[in-house]
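For reference, final_11.cif (mmCIF, C-alpha atoms):
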```cif
data_start
#
loop_
_atom_site.group_PDB
_atom_site.id
_atom_site.type_symbol
_atom_site.label_atom_id
_atom_site.label_comp_id
_atom_site.auth_asym_id
_atom_site.auth_seq_id
_atom_site.Cartn_x
_atom_site.Cartn_y
_atom_site.Cartn_z
ATOM 1 C CA MET A 1 27.882 -6.121 -32.134
ATOM 2 C CA GLY A 2 31.373 -6.381 -33.529
ATOM 3 C CA SER A 3 31.429 -8.342 -36.765
ATOM 4 C CA ASP A 4 27.825 -9.499 -36.240
ATOM 5 C CA GLU A 5 26.037 -6.227 -37.066
ATOM 6 C CA ASP A 6 23.718 -8.053 -39.475
ATOM 7 C CA ARG A 7 22.663 -10.737 -37.004
ATOM 8 C CA MET A 8 18.952 -11.556 -37.441
ATOM 9 C CA ILE A 9 16.814 -11.954 -34.329
ATOM 10 C CA HIS A 10 14.013 -14.509 -34.561
ATOM 11 C CA HIS A 11 13.585 -15.602 -30.939
ATOM 12 C CA LEU A 12 12.836 -13.604 -27.799
ATOM 13 C CA LEU A 13 14.003 -15.255 -24.580
ATOM 14 C CA ILE A 14 13.203 -14.539 -20.941
ATOM 15 C CA ASP A 15 14.010 -17.958 -19.457
ATOM 16 C CA SER A 16 17.604 -19.159 -19.865
ATOM 17 C CA ARG A 17 16.441 -22.783 -19.513
ATOM 18 C CA ARG A 18 14.499 -22.529 -22.777
ATOM 19 C CA LEU A 19 17.374 -21.469 -25.015
ATOM 20 C CA ASP A 20 17.149 -22.570 -28.632
ATOM 21 C CA ALA A 21 18.935 -21.218 -31.719
ATOM 22 C CA ALA A 22 21.245 -19.025 -29.633
ATOM 23 C CA GLU A 23 22.630 -17.017 -32.551
ATOM 24 C CA GLN A 24 19.112 -15.792 -33.424
ATOM 25 C CA THR A 25 18.054 -15.047 -29.828
ATOM 26 C CA LEU A 26 17.553 -11.752 -28.012
ATOM 27 C CA PHE A 27 17.542 -12.213 -24.233
ATOM 28 C CA PHE A 28 15.515 -9.864 -22.020
ATOM 29 C CA ALA A 29 16.994 -9.693 -18.520
ATOM 30 C CA LEU A 30 13.748 -9.247 -16.619
ATOM 31 C CA VAL A 31 13.884 -8.298 -12.957
ATOM 32 C CA SER A 32 11.177 -9.496 -10.571
ATOM 33 C CA GLN A 33 10.729 -9.883 -6.832
ATOM 34 C CA ARG A 34 11.959 -13.457 -7.093
ATOM 35 C CA ASN A 35 14.663 -13.328 -9.725
ATOM 36 C CA ASP A 36 17.022 -11.186 -11.765
ATOM 37 C CA GLY A 37 17.675 -12.119 -15.373
ATOM 38 C CA HIS A 38 20.988 -10.296 -15.402
ATOM 39 C CA LYS A 39 22.658 -13.093 -13.466
ATOM 40 C CA TYR A 40 22.132 -15.480 -16.380
ATOM 41 C CA ILE A 41 23.802 -13.314 -19.018
ATOM 42 C CA ASP A 42 27.265 -14.862 -18.712
ATOM 43 C CA ASP A 43 25.941 -18.432 -18.973
ATOM 44 C CA LEU A 44 23.867 -17.478 -21.996
ATOM 45 C CA TYR A 45 26.899 -15.879 -23.602
ATOM 46 C CA GLN A 46 28.866 -19.074 -23.069
ATOM 47 C CA ASN A 47 26.014 -20.907 -24.826
ATOM 48 C CA GLY A 48 26.121 -18.676 -27.876
ATOM 49 C CA VAL A 49 23.729 -15.787 -27.171
ATOM 50 C CA ARG A 50 25.137 -12.452 -28.306
ATOM 51 C CA ALA A 51 22.202 -10.030 -27.917
ATOM 52 C CA PHE A 52 20.882 -8.816 -24.565
ATOM 53 C CA VAL A 53 18.379 -6.229 -23.333
ATOM 54 C CA VAL A 54 19.458 -5.037 -19.888
ATOM 55 C CA SER A 55 18.615 -2.397 -17.303
ATOM 56 C CA LYS A 56 22.116 -2.573 -15.826
ATOM 57 C CA MET A 57 25.340 -3.354 -17.653
ATOM 58 C CA PRO A 58 27.115 -6.600 -16.685
ATOM 59 C CA GLU A 59 30.493 -6.462 -14.997
ATOM 60 C CA GLU A 60 32.134 -8.310 -17.887
ATOM 61 C CA ILE A 61 31.482 -6.748 -21.279
ATOM 62 C CA HIS A 62 32.079 -9.092 -24.215
ATOM 63 C CA PRO A 63 33.211 -7.116 -27.279
ATOM 64 C CA ASP A 64 31.378 -9.385 -29.724
ATOM 65 C CA ALA A 65 28.051 -9.087 -27.861
ATOM 66 C CA CYS A 66 25.375 -6.398 -28.115
ATOM 67 C CA TYR A 67 23.889 -4.903 -24.935
ATOM 68 C CA ILE A 68 20.770 -2.770 -25.331
ATOM 69 C CA HIS A 69 20.548 -0.672 -22.168
ATOM 70 C CA VAL A 70 17.014 0.426 -21.185
ATOM 71 C CA GLN A 71 15.329 1.709 -18.067
ATOM 72 C CA ASP A 72 12.624 -0.932 -18.021
ATOM 73 C CA VAL A 73 13.271 -4.321 -19.648
ATOM 74 C CA LEU A 74 9.625 -5.423 -19.479
ATOM 75 C CA LYS A 75 8.456 -2.232 -21.160
ATOM 76 C CA ALA A 76 11.079 -2.726 -23.870
ATOM 77 C CA LEU A 77 9.785 -6.256 -24.485
ATOM 78 C CA GLN A 78 6.219 -4.959 -24.726
ATOM 79 C CA GLN A 79 7.142 -2.094 -27.044
ATOM 80 C CA LEU A 80 9.006 -4.434 -29.384
ATOM 81 C CA ALA A 81 5.989 -6.777 -29.518
ATOM 82 C CA ALA A 82 3.618 -3.837 -30.138
ATOM 83 C CA TYR A 83 5.787 -2.678 -33.047
ATOM 84 C CA HIS A 84 5.855 -6.225 -34.425
ATOM 85 C CA ARG A 85 2.044 -6.412 -34.220
ATOM 86 C CA SER A 86 1.751 -3.136 -36.153
ATOM 87 C CA GLN A 87 3.397 -4.778 -39.173
ATOM 88 C CA PHE A 88 0.402 -7.064 -39.797
ATOM 89 C CA ASP A 89 -3.068 -6.249 -41.094
ATOM 90 C CA ILE A 90 -5.060 -9.390 -40.346
ATOM 91 C CA PRO A 91 -8.119 -10.058 -38.175
ATOM 92 C CA VAL A 92 -7.048 -10.519 -34.570
ATOM 93 C CA ILE A 93 -9.368 -11.909 -31.906
ATOM 94 C CA GLY A 94 -8.624 -10.742 -28.367
ATOM 95 C CA ILE A 95 -10.136 -12.657 -25.456
ATOM 96 C CA THR A 96 -10.392 -11.589 -21.837
ATOM 97 C CA GLY A 97 -12.560 -12.364 -18.824
ATOM 98 C CA SER A 98 -12.268 -14.008 -15.443
ATOM 99 C CA ASN A 99 -12.591 -17.569 -16.743
ATOM 100 C CA GLY A 100 -12.648 -19.491 -20.005
ATOM 101 C CA LYS A 101 -10.054 -17.480 -21.933
ATOM 102 C CA THR A 102 -7.777 -20.382 -22.818
ATOM 103 C CA ILE A 103 -10.610 -22.776 -23.652
ATOM 104 C CA VAL A 104 -12.368 -20.271 -25.913
ATOM 105 C CA LYS A 105 -9.050 -19.514 -27.632
ATOM 106 C CA GLU A 106 -8.308 -23.195 -28.234
ATOM 107 C CA TRP A 107 -11.816 -24.016 -29.389
ATOM 108 C CA LEU A 108 -11.851 -21.083 -31.809
ATOM 109 C CA SER A 109 -8.557 -22.368 -33.156
ATOM 110 C CA GLN A 110 -10.112 -25.787 -33.676
ATOM 111 C CA LEU A 111 -13.195 -24.305 -35.345
ATOM 112 C CA PHE A 112 -11.374 -21.893 -37.656
ATOM 113 C CA GLY A 113 -8.343 -24.106 -38.212
ATOM 114 C CA PRO A 114 -9.523 -25.639 -41.507
ATOM 115 C CA ASP A 115 -10.078 -22.159 -42.995
ATOM 116 C CA TYR A 116 -7.186 -20.050 -41.715
ATOM 117 C CA ASN A 117 -3.498 -20.269 -40.903
ATOM 118 C CA ILE A 118 -3.780 -19.212 -37.252
ATOM 119 C CA VAL A 119 -1.307 -17.751 -34.777
ATOM 120 C CA ARG A 120 -2.434 -17.987 -31.169
ATOM 121 C CA SER A 121 -1.244 -17.711 -27.592
ATOM 122 C CA PRO A 122 0.541 -20.903 -26.523
ATOM 123 C CA LYS A 123 -0.914 -22.508 -23.404
ATOM 124 C CA SER A 124 -2.153 -19.713 -21.113
ATOM 125 C CA TYR A 125 0.296 -17.010 -22.178
ATOM 126 C CA ASN A 126 -1.916 -14.062 -21.210
ATOM 127 C CA SER A 127 0.240 -12.030 -18.785
ATOM 128 C CA GLN A 128 2.366 -8.897 -19.147
ATOM 129 C CA VAL A 129 5.196 -11.175 -20.308
ATOM 130 C CA GLY A 130 3.173 -13.924 -21.982
ATOM 131 C CA VAL A 131 1.255 -11.635 -24.337
ATOM 132 C CA PRO A 132 4.315 -10.077 -26.028
ATOM 133 C CA LEU A 133 5.912 -13.507 -26.435
ATOM 134 C CA SER A 134 2.674 -14.739 -28.023
ATOM 135 C CA VAL A 135 2.301 -11.833 -30.447
ATOM 136 C CA TRP A 136 5.962 -12.109 -31.486
ATOM 137 C CA ARG A 137 5.003 -15.433 -33.108
ATOM 138 C CA MET A 138 3.037 -13.606 -35.834
ATOM 139 C CA ASP A 139 4.491 -13.796 -39.331
ATOM 140 C CA SER A 140 3.490 -13.104 -42.911
ATOM 141 C CA THR A 141 1.952 -16.560 -43.392
ATOM 142 C CA HIS A 142 -0.744 -16.050 -40.758
ATOM 143 C CA GLN A 143 -4.302 -15.112 -41.702
ATOM 144 C CA LEU A 144 -5.905 -14.912 -38.250
ATOM 145 C CA GLY A 145 -4.626 -14.174 -34.743
ATOM 146 C CA ILE A 146 -6.232 -15.385 -31.499
ATOM 147 C CA PHE A 147 -4.728 -14.076 -28.279
ATOM 148 C CA GLU A 148 -5.877 -14.067 -24.664
ATOM 149 C CA ALA A 149 -5.162 -11.359 -22.111
ATOM 150 C CA GLY A 150 -5.400 -11.512 -18.335
ATOM 151 C CA ILE A 151 -4.794 -8.897 -15.664
ATOM 152 C CA SER A 152 -4.456 -9.082 -11.889
ATOM 153 C CA LYS A 153 -4.594 -5.361 -11.019
ATOM 154 C CA PRO A 154 -5.676 -2.011 -12.483
ATOM 155 C CA ASP A 155 -3.811 -0.296 -15.333
ATOM 156 C CA GLU A 156 -2.319 -3.516 -16.740
ATOM 157 C CA MET A 157 -4.642 -3.933 -19.726
ATOM 158 C CA THR A 158 -3.577 -0.767 -21.540
ATOM 159 C CA ALA A 159 -0.158 -2.252 -22.321
ATOM 160 C CA LEU A 160 -1.710 -5.539 -23.489
ATOM 161 C CA GLN A 161 -4.160 -3.703 -25.754
ATOM 162 C CA LYS A 162 -1.307 -1.993 -27.565
ATOM 163 C CA ILE A 163 0.382 -5.360 -28.121
ATOM 164 C CA ILE A 164 -2.620 -7.447 -29.212
ATOM 165 C CA LYS A 165 -4.611 -4.594 -30.775
ATOM 166 C CA PRO A 166 -7.605 -6.873 -31.405
ATOM 167 C CA THR A 167 -10.023 -6.119 -34.200
ATOM 168 C CA ILE A 168 -12.585 -8.520 -32.683
ATOM 169 C CA GLY A 169 -13.133 -8.999 -28.957
ATOM 170 C CA ILE A 170 -14.649 -11.648 -26.724
ATOM 171 C CA PHE A 171 -15.411 -10.830 -23.091
ATOM 172 C CA THR A 172 -16.076 -14.234 -21.536
ATOM 173 C CA ASN A 173 -17.393 -13.369 -18.058
ATOM 174 C CA ILE A 174 -16.606 -11.613 -14.798
ATOM 175 C CA GLY A 175 -15.954 -13.476 -11.551
ATOM 176 C CA GLN A 176 -13.971 -13.771 -8.340
ATOM 177 C CA ALA A 177 -10.495 -14.260 -9.836
ATOM 178 C CA HIS A 178 -7.989 -11.590 -8.639
ATOM 179 C CA GLU A 179 -10.831 -9.735 -6.934
ATOM 180 C CA GLU A 180 -8.541 -8.569 -4.094
ATOM 181 C CA ASN A 181 -6.876 -5.933 -6.303
ATOM 182 C CA PHE A 182 -10.105 -4.324 -7.516
ATOM 183 C CA ILE A 183 -12.610 -2.153 -5.685
ATOM 184 C CA SER A 184 -15.606 -3.825 -7.322
ATOM 185 C CA PHE A 185 -16.728 -6.134 -10.117
ATOM 186 C CA MET A 186 -17.637 -3.000 -12.061
ATOM 187 C CA GLN A 187 -14.091 -1.654 -11.813
ATOM 188 C CA LYS A 188 -12.645 -5.014 -12.829
ATOM 189 C CA ALA A 189 -14.988 -5.241 -15.818
ATOM 190 C CA GLY A 190 -14.014 -1.734 -16.877
ATOM 191 C CA GLU A 191 -10.303 -2.512 -16.659
ATOM 192 C CA LYS A 192 -10.684 -5.682 -18.724
ATOM 193 C CA LEU A 193 -12.777 -3.822 -21.269
ATOM 194 C CA ASN A 194 -9.751 -1.650 -22.078
ATOM 195 C CA LEU A 195 -8.489 -4.525 -24.232
ATOM 196 C CA PHE A 196 -11.119 -3.568 -26.796
ATOM 197 C CA ALA A 197 -10.355 0.167 -26.969
ATOM 198 C CA GLN A 198 -9.833 -0.003 -30.734
ATOM 199 C CA ALA A 199 -11.756 -3.148 -31.614
ATOM 200 C CA GLU A 200 -14.395 -3.131 -34.326
ATOM 201 C CA THR A 201 -16.605 -5.862 -32.842
ATOM 202 C CA LEU A 202 -17.272 -7.224 -29.360
ATOM 203 C CA VAL A 203 -18.976 -10.505 -28.440
ATOM 204 C CA TYR A 204 -20.129 -10.829 -24.832
ATOM 205 C CA CYS A 205 -22.887 -12.246 -22.628
ATOM 206 C CA MET A 206 -25.237 -9.451 -21.580
ATOM 207 C CA ASP A 207 -26.528 -11.615 -18.714
ATOM 208 C CA TYR A 208 -23.503 -10.467 -16.683
ATOM 209 C CA TYR A 209 -24.849 -7.268 -15.164
ATOM 210 C CA ASP A 210 -21.471 -5.631 -14.515
ATOM 211 C CA ILE A 211 -20.223 -6.233 -18.053
ATOM 212 C CA GLN A 212 -23.432 -4.936 -19.590
ATOM 213 C CA GLN A 213 -23.482 -1.806 -17.428
ATOM 214 C CA VAL A 214 -19.850 -0.922 -18.106
ATOM 215 C CA ILE A 215 -20.400 -1.341 -21.857
ATOM 216 C CA LEU A 216 -23.518 0.875 -21.762
ATOM 217 C CA ARG A 217 -21.877 3.567 -19.630
ATOM 218 C CA ALA A 218 -18.847 3.653 -21.916
ATOM 219 C CA GLY A 219 -21.104 4.136 -24.930
ATOM 220 C CA LEU A 220 -19.323 1.374 -26.800
ATOM 221 C CA GLY A 221 -22.312 0.792 -29.046
ATOM 222 C CA GLU A 222 -21.418 4.057 -30.800
ATOM 223 C CA LYS A 223 -17.767 3.038 -31.269
ATOM 224 C CA MET A 224 -18.007 -0.583 -32.347
ATOM 225 C CA GLN A 225 -20.398 -3.336 -33.342
ATOM 226 C CA LEU A 226 -21.745 -5.068 -30.248
ATOM 227 C CA ILE A 227 -22.809 -8.729 -30.509
ATOM 228 C CA PRO A 228 -24.412 -9.533 -27.144
ATOM 229 C CA TRP A 229 -25.856 -12.964 -26.462
ATOM 230 C CA SER A 230 -28.239 -13.987 -23.720
ATOM 231 C CA GLN A 231 -30.191 -16.810 -22.177
ATOM 232 C CA LYS A 232 -32.594 -14.284 -20.608
ATOM 233 C CA PHE A 233 -33.264 -11.473 -23.064
ATOM 234 C CA LYS A 234 -34.843 -12.206 -26.449
ATOM 235 C CA GLU A 235 -33.739 -8.822 -27.802
ATOM 236 C CA ALA A 236 -30.079 -9.921 -27.699
ATOM 237 C CA GLU A 237 -28.285 -10.278 -31.021
ATOM 238 C CA ALA A 238 -28.020 -13.982 -30.207
ATOM 239 C CA TYR A 239 -30.724 -15.471 -27.992
ATOM 240 C CA VAL A 240 -30.271 -18.958 -26.554
ATOM 241 C CA GLU A 241 -33.779 -20.398 -26.664
ATOM 242 C CA SER A 242 -32.976 -23.676 -24.988
ATOM 243 C CA VAL A 243 -30.171 -25.693 -23.431
ATOM 244 C CA GLU A 244 -30.904 -29.423 -23.264
ATOM 245 C CA LYS A 245 -28.292 -31.346 -21.317
ATOM 246 C CA GLN A 246 -27.949 -35.025 -22.108
ATOM 247 C CA GLU A 247 -25.752 -37.754 -20.663
ATOM 248 C CA ARG A 248 -22.593 -36.751 -22.514
ATOM 249 C CA ASP A 249 -23.492 -33.757 -24.634
ATOM 250 C CA THR A 250 -25.758 -30.720 -24.855
ATOM 251 C CA LEU A 251 -28.218 -29.573 -27.501
ATOM 252 C CA LEU A 252 -28.394 -25.814 -28.009
ATOM 253 C CA ARG A 253 -31.151 -23.932 -29.798
ATOM 254 C CA LEU A 254 -30.040 -20.411 -30.663
ATOM 255 C CA VAL A 255 -31.531 -17.521 -32.623
ATOM 256 C CA PHE A 256 -28.932 -15.323 -34.338
ATOM 257 C CA LYS A 257 -29.999 -12.311 -36.401
ATOM 258 C CA GLY A 258 -33.476 -13.775 -36.774
ATOM 259 C CA GLU A 259 -32.370 -17.245 -37.867
ATOM 260 C CA THR A 260 -32.798 -20.274 -35.602
ATOM 261 C CA HIS A 261 -29.998 -22.830 -35.362
ATOM 262 C CA GLN A 262 -29.498 -26.074 -33.470
ATOM 263 C CA PHE A 263 -26.093 -27.279 -32.373
ATOM 264 C CA ALA A 264 -24.790 -30.216 -30.348
ATOM 265 C CA ILE A 265 -21.638 -29.878 -28.253
ATOM 266 C CA PRO A 266 -19.823 -32.842 -26.628
ATOM 267 C CA PHE A 267 -19.976 -31.357 -23.107
ATOM 268 C CA ASN A 268 -22.704 -30.825 -20.542
ATOM 269 C CA ASP A 269 -21.154 -28.691 -17.784
ATOM 270 C CA ASP A 270 -22.204 -25.044 -17.440
ATOM 271 C CA ALA A 271 -18.743 -23.583 -18.037
ATOM 272 C CA SER A 272 -18.246 -25.493 -21.289
ATOM 273 C CA ILE A 273 -21.715 -24.535 -22.484
ATOM 274 C CA GLU A 274 -20.980 -20.842 -21.898
ATOM 275 C CA ASN A 275 -17.594 -21.099 -23.604
ATOM 276 C CA ALA A 276 -19.133 -22.903 -26.572
ATOM 277 C CA ILE A 277 -21.819 -20.246 -26.992
ATOM 278 C CA HIS A 278 -19.146 -17.531 -27.187
ATOM 279 C CA CYS A 279 -17.495 -19.541 -29.974
ATOM 280 C CA ILE A 280 -20.761 -20.215 -31.784
ATOM 281 C CA VAL A 281 -21.786 -16.564 -31.804
ATOM 282 C CA LEU A 282 -18.409 -15.429 -33.114
ATOM 283 C CA CYS A 283 -18.348 -18.104 -35.812
ATOM 284 C CA LEU A 284 -21.836 -17.121 -36.989
ATOM 285 C CA PHE A 285 -20.810 -13.461 -36.965
ATOM 286 C CA MET A 286 -17.806 -14.347 -39.135
ATOM 287 C CA LYS A 287 -20.212 -16.054 -41.526
ATOM 288 C CA MET A 288 -19.218 -19.657 -40.990
ATOM 289 C CA PRO A 289 -22.052 -21.726 -42.522
ATOM 290 C CA ALA A 290 -24.250 -23.175 -39.771
ATOM 291 C CA ASN A 291 -23.948 -26.718 -41.112
ATOM 292 C CA VAL A 292 -20.145 -26.481 -41.173
ATOM 293 C CA LEU A 293 -20.137 -25.044 -37.659
ATOM 294 C CA ALA A 294 -22.442 -27.794 -36.399
ATOM 295 C CA ASP A 295 -20.126 -30.471 -37.766
ATOM 296 C CA ARG A 296 -17.006 -28.891 -36.257
ATOM 297 C CA LEU A 297 -18.629 -28.348 -32.855
ATOM 298 C CA ARG A 298 -19.170 -32.080 -32.514
ATOM 299 C CA GLY A 299 -15.420 -32.551 -32.781
ATOM 300 C CA LEU A 300 -14.400 -30.100 -30.039
ATOM 301 C CA THR A 301 -11.921 -31.643 -27.622
ATOM 302 C CA SER A 302 -11.317 -31.052 -23.919
ATOM 303 C CA ILE A 303 -8.573 -28.600 -22.997
#
```

Taking this structure as input, can you express it in the form of structure tokens?
Amino acid sequence: MGSDEDRMIHHLLIDSRRLDAAEQTLFFALVSQRNDGHKYIDDLYQNGVRAFVVSKMPEEIHPDACYIHVQDVLKALQQLAAYHRSQFDIPVIGITGSNGKTIVKEWLSQLFGPDYNIVRSPKSYNSQVGVPLSVWRMDSTHQLGIFEAGISKPDEMTALQKIIKPTIGIFTNIGQAHEENFISFMQKAGEKLNLFAQAETLVYCMDYYDIQQVILRAGLGEKMQLIPWSQKFKEAEAYVESVEKQERDTLLRLVFKGETHQFAIPFNDDASIENAIHCIVLCLFMKMPANVLADRLRGLTSI
């Protein structure tokens, strides 16, 4: 990189329109069916960027710029993020499922926010590109990570697992989203479950037959601590005894590890109730006092 061999990279960029702090930026020239990042290299250079990851060298080579030539730019982005993740030894919550990922992530951030300095996925950054950009945000000040992961076809989750490497997992549900690329709900559940290949704990609703069967067939109970919750089966680790919907909120009565708790949440639709229960079970597992949790649940905001 000419005289800039000691340039420090703090920002990863894939969209030339979002350039900030050019001198500290590494641009990944991603190639997709709709666009080719290589055509923006010259403009970015003119705006101060001097570091580029490319799969083909540009026609004009600037002597004071650095070009990292790779076969697959996306894979390079993912590998860099996976290495970055490996530098941190903090609890990381990974969330996947057909629906509710972003809401559960945001609500957990609200609930744990007073106790931890949290790094989390911005917006719905849960794709093959969004996940590495999210994990890159981790730094030495963070005490807890919360990241969501979504897939649209088989074999995608393995890469995301290596990047997020969650220690705690939440599997929200299984549904119709992206069904066209999977043979069955069972296959889709199995693919999503790959996110938790090295997790220590998994929270999920055992009332979803496909999720429960895939977990049992994979023998995950021998590899990690399972925290299933249910509205049907009293033997679940967390059993929801009652759900009382009111005009603007919902009262939940839940038994967790033999102790009965009552919580009020400021929502009364089924999706929000399910999302809230995922959060409640995880918070209780992480030993948040029930009275503190009850107070914070009342303050949950819509996403």

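With all atoms listed in the file taken into account, the protein and nucleic acid residues at most 9 Å from Lys56 (chain A) (excluding it and anything under 6 positions from it in its own chain) are His38, His69, Val70 and Gln71 of chain A.
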
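Comparing the minimum interatomic distances between Val53 (chain A) and each of A:Val31, A:Val240, A:Ala22, A:Val135, counting only C-alpha atoms, we find that A:Val31 sits nearest.
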
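Each of A:Pro266, A:Gly190, A:Gly94, A:Gly145 was compared to Tyr116 (chain A) using only C-alpha atoms, and A:Gly145 turns out to be the nearest.
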
The distance between CA of Ser140 (chain A) and CA of His10 (chain A) is 13.5 Å

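Computed from the coordinates, the CA of Glu244 (chain A) to CA of Asn291 (chain A) distance equals 19.3 Å.
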
field: Hits of the PyMOL selection byres ((chain A and resi 204) around 7) in this structure, as a ChimeraX atom specification
entry: /A:170-172,202-203,205-206,227-229

Hey, can you spit out that residue selection with C-alpha atoms as an mmCIF file, keeping the file's coordinate frame?
```cif
data_model
loop_
_atom_site.group_PDB
_atom_site.id
_atom_site.type_symbol
_atom_site.label_atom_id
_atom_site.label_comp_id
_atom_site.auth_asym_id
_atom_site.auth_seq_id
_atom_site.Cartn_x
_atom_site.Cartn_y
_atom_site.Cartn_z
ATOM 1 C CA ILE A 170 -14.649 -11.648 -26.724
ATOM 2 C CA PHE A 171 -15.411 -10.830 -23.091
ATOM 3 C CA THR A 172 -16.076 -14.234 -21.536
ATOM 4 C CA LEU A 202 -17.272 -7.224 -29.360
ATOM 5 C CA VAL A 203 -18.976 -10.505 -28.440
ATOM 6 C CA CYS A 205 -22.887 -12.246 -22.628
ATOM 7 C CA MET A 206 -25.237 -9.451 -21.580
ATOM 8 C CA ILE A 227 -22.809 -8.729 -30.509
ATOM 9 C CA PRO A 228 -24.412 -9.533 -27.144
ATOM 10 C CA TRP A 229 -25.856 -12.964 -26.462
#
```

Specify as a PDB file with C-alpha atoms, in the coordinates of the input each residue included when the PyMOL selection byres ((chain A and resi 132) around 10) is applied to this file.
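Result file is out18.pdb:
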```pdb
ATOM      1  CA  LEU A  12      12.836 -13.604 -27.799  1.00  0.00           C
ATOM      2  CA  LEU A  74       9.625  -5.423 -19.479  1.00  0.00           C
ATOM      3  CA  LEU A  77       9.785  -6.256 -24.485  1.00  0.00           C
ATOM      4  CA  GLN A  78       6.219  -4.959 -24.726  1.00  0.00           C
ATOM      5  CA  GLN A  79       7.142  -2.094 -27.044  1.00  0.00           C
ATOM      6  CA  LEU A  80       9.006  -4.434 -29.384  1.00  0.00           C
ATOM      7  CA  ALA A  81       5.989  -6.777 -29.518  1.00  0.00           C
ATOM      8  CA  ALA A  82       3.618  -3.837 -30.138  1.00  0.00           C
ATOM      9  CA  HIS A  84       5.855  -6.225 -34.425  1.00  0.00           C
ATOM     10  CA  ARG A  85       2.044  -6.412 -34.220  1.00  0.00           C
ATOM     11  CA  SER A 121      -1.244 -17.711 -27.592  1.00  0.00           C
ATOM     12  CA  TYR A 125       0.296 -17.010 -22.178  1.00  0.00           C
ATOM     13  CA  ASN A 126      -1.916 -14.062 -21.210  1.00  0.00           C
ATOM     14  CA  SER A 127       0.240 -12.030 -18.785  1.00  0.00           C
ATOM     15  CA  GLN A 128       2.366  -8.897 -19.147  1.00  0.00           C
ATOM     16  CA  VAL A 129       5.196 -11.175 -20.308  1.00  0.00           C
ATOM     17  CA  GLY A 130       3.173 -13.924 -21.982  1.00  0.00           C
ATOM     18  CA  VAL A 131       1.255 -11.635 -24.337  1.00  0.00           C
ATOM     19  CA  LEU A 133       5.912 -13.507 -26.435  1.00  0.00           C
ATOM     20  CA  SER A 134       2.674 -14.739 -28.023  1.00  0.00           C
ATOM     21  CA  VAL A 135       2.301 -11.833 -30.447  1.00  0.00           C
ATOM     22  CA  TRP A 136       5.962 -12.109 -31.486  1.00  0.00           C
ATOM     23  CA  ARG A 137       5.003 -15.433 -33.108  1.00  0.00           C
ATOM     24  CA  ALA A 159      -0.158  -2.252 -22.321  1.00  0.00           C
ATOM     25  CA  LEU A 160      -1.710  -5.539 -23.489  1.00  0.00           C
ATOM     26  CA  LYS A 162      -1.307  -1.993 -27.565  1.00  0.00           C
ATOM     27  CA  ILE A 163       0.382  -5.360 -28.121  1.00  0.00           C
ATOM     28  CA  ILE A 164      -2.620  -7.447 -29.212  1.00  0.00           C
TER      29      ILE A 164
END
```

Would you list the residues near (-3.2, -23.4, -26.3), meaning any protein, DNA or RNA residue with an atom at most 7 Å from that point in file coordinates, counting all atoms listed in the file, as JSON, numbers by chain? {"A": [102, 106, 121, 122, 123, 124]}

Let me see the file: selected residues, C-alpha atoms, as a CSV table (one decimal), in the coordinates of the input.
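As a result, again_18.csv now contains:
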```
chain,number,residue,atom,x,y,z
A,102,THR,CA,-7.8,-20.4,-22.8
A,106,GLU,CA,-8.3,-23.2,-28.2
A,121,SER,CA,-1.2,-17.7,-27.6
A,122,PRO,CA,0.5,-20.9,-26.5
A,123,LYS,CA,-0.9,-22.5,-23.4
A,124,SER,CA,-2.2,-19.7,-21.1
```

| query | Neighbours of region 295-303 of chain A within 9 Å (only C-alpha atoms; same-chain residues fewer than 5 positions away dropped), as a list in words? | reply | Thr102, Ile103, Glu106, Trp107, Gln110, Leu111, Phe263, Ala264, Ile265, Pro266, Phe267, Ala276, Ile280 and Ala290 of chain A

In Å and to one decimal, CA of Gln246 (chain A) is distant from CA of Asp207 (chain A) by 23.7 Å

Around all the atoms of region 113-127 of chain A listed in the file, draw an axis-aligned box and extend it by 8 Å on each of the six sides; I want its centre and edge lengths in Å to one decimal, as lines of an AutoDock Vina configuration file.
```
center_x = -4.8
center_y = -18.8
center_z = -30.9
size_x = 26.6
size_y = 29.6
size_z = 40.2
```

- Task: Take the point (-24.1, -21.5, -20.7) as written in the file and pick out every residue within 10 Å of it, counting all atoms listed in the file; give the list as a ChimeraX atom specification.
- Result: /A:205,230-231,240,243,252,268-278

Starting from the incomplete input, reconstruct N, CA and C atoms of region 158-164 of chain A and write that as a tab-separated table (two decimals), in the frame of the given file.
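Contents of out08.tsv, freshly written:
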```tsv
chain	number	residue	atom	x	y	z
A	158	THR	N	-3.94	-1.73	-20.50
A	158	THR	CA	-3.58	-0.77	-21.54
A	158	THR	C	-2.36	-1.23	-22.33
A	159	ALA	N	-1.36	-1.75	-21.64
A	159	ALA	CA	-0.16	-2.25	-22.32
A	159	ALA	C	-0.50	-3.45	-23.20
A	160	LEU	N	-1.36	-4.35	-22.71
A	160	LEU	CA	-1.71	-5.54	-23.49
A	160	LEU	C	-2.54	-5.18	-24.72
A	161	GLN	N	-3.37	-4.14	-24.60
A	161	GLN	CA	-4.16	-3.70	-25.75
A	161	GLN	C	-3.26	-3.24	-26.89
A	162	LYS	N	-2.21	-2.51	-26.54
A	162	LYS	CA	-1.31	-1.99	-27.56
A	162	LYS	C	-0.55	-3.12	-28.26
A	163	ILE	N	-0.35	-4.23	-27.55
A	163	ILE	CA	0.38	-5.36	-28.12
A	163	ILE	C	-0.53	-6.23	-28.99
A	164	ILE	N	-1.70	-6.58	-28.46
A	164	ILE	CA	-2.62	-7.45	-29.21
A	164	ILE	C	-3.37	-6.66	-30.28
```
